[in-house]
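**Student:** Once you've had a glance at the structure underneath, I'll fire off some questions.
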Amino acid sequence: MAKTDLTNQRQVFVEEYVRSGDHLDAAKKAGYKDTHTLRNQACKLRRECADQITEELHRNFAEIAPRALNILSDLAENAESESVRLGALPVIFWIEQGSGQLIDMK
């Protein structure tokens with residue numbers, strides 16, 4: 001994660017949230033106390049760290065996209081199932097365009 005003004009605890013929250021997508025689990029793993037207010041605190045953290053979460057998601061996508069593209073390209077060319085080959089194509093297009101929205105090719 002890039003150097004930010006976040007505390008270490010909030011940095012762990014951001015990283016765990018991006019990894020799991022679960023704000024409650026991320027708050028627990030970041031060391032926030034599991035009390036009756038944790039749900040509210042986790043929602044507040046997600047809102048207050050939204051910019052850092054977005055940055056971390058973009059960084060992760062940039063790291064993973066080339067590998068995913070290679071795997072999907074291989075599936076599109078070599079899969080035995082026609083539905084797998086055709087199903088890989090819109091995802092390949094989405095990754096190459098970086099649009100963030102899958103295209104329904106039905």
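Each chain in the structure tokens gets a letter, A, B and so on, in the order shown; residues start at 1 in every chain, and ligands are counted from 1 in the order they appear.
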I want to know what sits within 8 Å of Val14 (chain A), based on only C-alpha atoms, with residues of the same chain fewer than 6 positions away left out; could you give that as a PyMOL selection string?
**Tutor:** chain A and resi 26+46+49+52-53+56
**Student:** Which polymer residues have any atom within 8 Å of an atom of Ala27 (chain A), counting only C-alpha atoms, with same-chain residues fewer than 4 positions away left out, as a PDB file with C-alpha atoms, in the first residue's frame?
**Tutor:**
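Once everything was written out, this is part_11.pdb:
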ATOM      1  CA  PHE A  13      -8.355  -2.217   7.487  1.00  0.00           C
ATOM      2  CA  HIS A  23     -15.887  -4.473   6.278  1.00  0.00           C
ATOM      3  CA  GLY A  31      -7.544  -4.911  15.596  1.00  0.00           C
ATOM      4  CA  TYR A  32     -10.747  -3.006  16.268  1.00  0.00           C
ATOM      5  CA  LEU A  38     -18.214  -2.670  15.591  1.00  0.00           C
ATOM      6  CA  ALA A  42     -16.647  -0.609  10.310  1.00  0.00           C
TER       7      ALA A  42
END
**Student:** Rank A:Ile95, A:Asn78, A:Asp51, A:Ala65 by their smallest atom-to-atom distance to Gln11 (chain A), using only C-alpha atoms, and report the top residue only.
**Tutor:** A:Asp51
**Student:** Running DSSP on the backbone, which parts of chain A land in alpha helix (DSSP H), as number ranges by chain?
**Tutor:** A: 8-20, 23-29, 38-48, 50-78, 82-97
**Student:** For Phe61 (chain A), please output as a PDB file with N, CA and C atoms, in the first residue's frame all residues within 12 Å (counting only C-alpha atoms; exclusion window: fewer than 2 positions along the same chain).
**Tutor:**
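File written: out_38.pdb
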ATOM      1  N   VAL A  18     -10.113  -4.634   0.994  1.00  0.00           N
ATOM      2  CA  VAL A  18      -9.918  -4.858  -0.440  1.00  0.00           C
ATOM      3  C   VAL A  18      -9.752  -6.351  -0.719  1.00  0.00           C
ATOM      4  N   ARG A  19      -9.069  -7.046   0.165  1.00  0.00           N
ATOM      5  CA  ARG A  19      -8.846  -8.483  -0.021  1.00  0.00           C
ATOM      6  C   ARG A  19     -10.151  -9.273   0.116  1.00  0.00           C
ATOM      7  N   THR A  54     -10.233   2.783  -2.841  1.00  0.00           N
ATOM      8  CA  THR A  54     -10.255   2.875  -4.305  1.00  0.00           C
ATOM      9  C   THR A  54      -8.848   2.788  -4.879  1.00  0.00           C
ATOM     10  N   GLU A  55      -7.902   3.489  -4.276  1.00  0.00           N
ATOM     11  CA  GLU A  55      -6.511   3.443  -4.736  1.00  0.00           C
ATOM     12  C   GLU A  55      -5.949   2.025  -4.637  1.00  0.00           C
ATOM     13  N   GLU A  56      -6.235   1.354  -3.530  1.00  0.00           N
ATOM     14  CA  GLU A  56      -5.738  -0.008  -3.332  1.00  0.00           C
ATOM     15  C   GLU A  56      -6.372  -0.972  -4.337  1.00  0.00           C
ATOM     16  N   LEU A  57      -7.653  -0.803  -4.624  1.00  0.00           N
ATOM     17  CA  LEU A  57      -8.321  -1.629  -5.633  1.00  0.00           C
ATOM     18  C   LEU A  57      -7.684  -1.436  -7.000  1.00  0.00           C
ATOM     19  N   HIS A  58      -7.403  -0.202  -7.358  1.00  0.00           N
ATOM     20  CA  HIS A  58      -6.764   0.082  -8.653  1.00  0.00           C
ATOM     21  C   HIS A  58      -5.377  -0.541  -8.724  1.00  0.00           C
ATOM     22  N   ARG A  59      -4.621  -0.427  -7.641  1.00  0.00           N
ATOM     23  CA  ARG A  59      -3.281  -1.022  -7.604  1.00  0.00           C
ATOM     24  C   ARG A  59      -3.370  -2.541  -7.771  1.00  0.00           C
ATOM     25  N   GLU A  63      -2.015  -5.022 -10.909  1.00  0.00           N
ATOM     26  CA  GLU A  63      -1.085  -6.138 -10.695  1.00  0.00           C
ATOM     27  C   GLU A  63      -1.658  -7.458 -11.209  1.00  0.00           C
ATOM     28  N   ILE A  64      -2.956  -7.645 -11.071  1.00  0.00           N
ATOM     29  CA  ILE A  64      -3.584  -8.917 -11.390  1.00  0.00           C
ATOM     30  C   ILE A  64      -4.015  -9.009 -12.849  1.00  0.00           C
ATOM     31  N   ALA A  65      -4.370  -7.900 -13.461  1.00  0.00           N
ATOM     32  CA  ALA A  65      -4.951  -7.904 -14.811  1.00  0.00           C
ATOM     33  C   ALA A  65      -4.098  -8.628 -15.850  1.00  0.00           C
ATOM     34  N   PRO A  66      -2.781  -8.396 -15.929  1.00  0.00           N
ATOM     35  CA  PRO A  66      -1.998  -9.088 -16.968  1.00  0.00           C
ATOM     36  C   PRO A  66      -2.037 -10.610 -16.825  1.00  0.00           C
ATOM     37  N   ARG A  67      -1.966 -11.095 -15.593  1.00  0.00           N
ATOM     38  CA  ARG A  67      -2.014 -12.550 -15.374  1.00  0.00           C
ATOM     39  C   ARG A  67      -3.396 -13.097 -15.726  1.00  0.00           C
ATOM     40  N   ALA A  68      -4.442 -12.385 -15.308  1.00  0.00           N
ATOM     41  CA  ALA A  68      -5.806 -12.817 -15.633  1.00  0.00           C
ATOM     42  C   ALA A  68      -6.028 -12.821 -17.131  1.00  0.00           C
ATOM     43  N   LEU A  69      -5.504 -11.829 -17.803  1.00  0.00           N
ATOM     44  CA  LEU A  69      -5.658 -11.740 -19.257  1.00  0.00           C
ATOM     45  C   LEU A  69      -4.996 -12.929 -19.951  1.00  0.00           C
ATOM     46  N   ILE A  95     -11.135  -6.402 -19.445  1.00  0.00           N
ATOM     47  CA  ILE A  95      -9.808  -6.164 -18.876  1.00  0.00           C
ATOM     48  C   ILE A  95      -8.997  -5.258 -19.794  1.00  0.00           C
ATOM     49  N   GLU A  96      -9.033  -5.533 -21.084  1.00  0.00           N
ATOM     50  CA  GLU A  96      -8.250  -4.723 -22.017  1.00  0.00           C
ATOM     51  C   GLU A  96      -8.718  -3.277 -22.052  1.00  0.00           C
ATOM     52  N   GLY A  98     -10.328  -1.800 -19.529  1.00  0.00           N
ATOM     53  CA  GLY A  98     -10.249  -1.211 -18.192  1.00  0.00           C
ATOM     54  C   GLY A  98     -11.512  -0.438 -17.833  1.00  0.00           C
ATOM     55  N   SER A  99     -12.633  -0.833 -18.401  1.00  0.00           N
ATOM     56  CA  SER A  99     -13.863  -0.063 -18.227  1.00  0.00           C
ATOM     57  C   SER A  99     -14.518  -0.295 -16.886  1.00  0.00           C
ATOM     58  N   GLY A 100     -14.283  -1.441 -16.273  1.00  0.00           N
ATOM     59  CA  GLY A 100     -14.915  -1.714 -14.997  1.00  0.00           C
ATOM     60  C   GLY A 100     -16.319  -2.260 -15.103  1.00  0.00           C
TER      61      GLY A 100
END
**Student:** Can you tell me which residues surround Asp25 (chain A) at a distance of at most 8 Å, considering only C-alpha atoms, apart from same-chain residues fewer than 5 positions away, and format the answer as a PyMOL selection string?
**Tutor:** chain A and resi 16-17+20
**Student:** Grab the residues selected above and save them as a short mmCIF file (atom, residue, chain, number, x, y, z; two decimals), in the first residue's frame with N, CA and C atoms.
**Tutor:**
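Writing the result to result.cif gives the following:
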data_model
loop_
_atom_site.label_atom_id
_atom_site.label_comp_id
_atom_site.auth_asym_id
_atom_site.auth_seq_id
_atom_site.Cartn_x
_atom_site.Cartn_y
_atom_site.Cartn_z
N GLU A 16 -7.26 -5.32 4.19
CA GLU A 16 -8.13 -6.46 4.46
C GLU A 16 -9.49 -6.29 3.78
N TYR A 17 -10.00 -5.08 3.76
CA TYR A 17 -11.29 -4.84 3.11
C TYR A 17 -11.19 -5.09 1.60
N SER A 20 -10.96 -8.94 1.13
CA SER A 20 -12.13 -9.78 1.44
C SER A 20 -13.46 -9.18 1.02
#
**Student:** Would you compute the distance between CA of Leu24 (chain A) and CA of Gln41 (chain A)? Give it in Å to one decimal.
**Tutor:**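 Pair CA of Leu24 (chain A) / CA of Gln41 (chain A) returns 8.7 Å.
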**Student:** So what do you get for CA of Leu72 (chain A) versus CA of Ala88 (chain A), distance-wise?
**Tutor:**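 CA of Leu72 (chain A) sits 5.7 Å away from CA of Ala88 (chain A).
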**Student:** Between A:Ser73, A:Gln9, A:Asn40, A:Thr35, which residue has the minimum interatomic distance to Val91 (chain A), considering only C-alpha atoms?
**Tutor:**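 For Val91 (chain A), the nearest of the given residues is A:Ser73.
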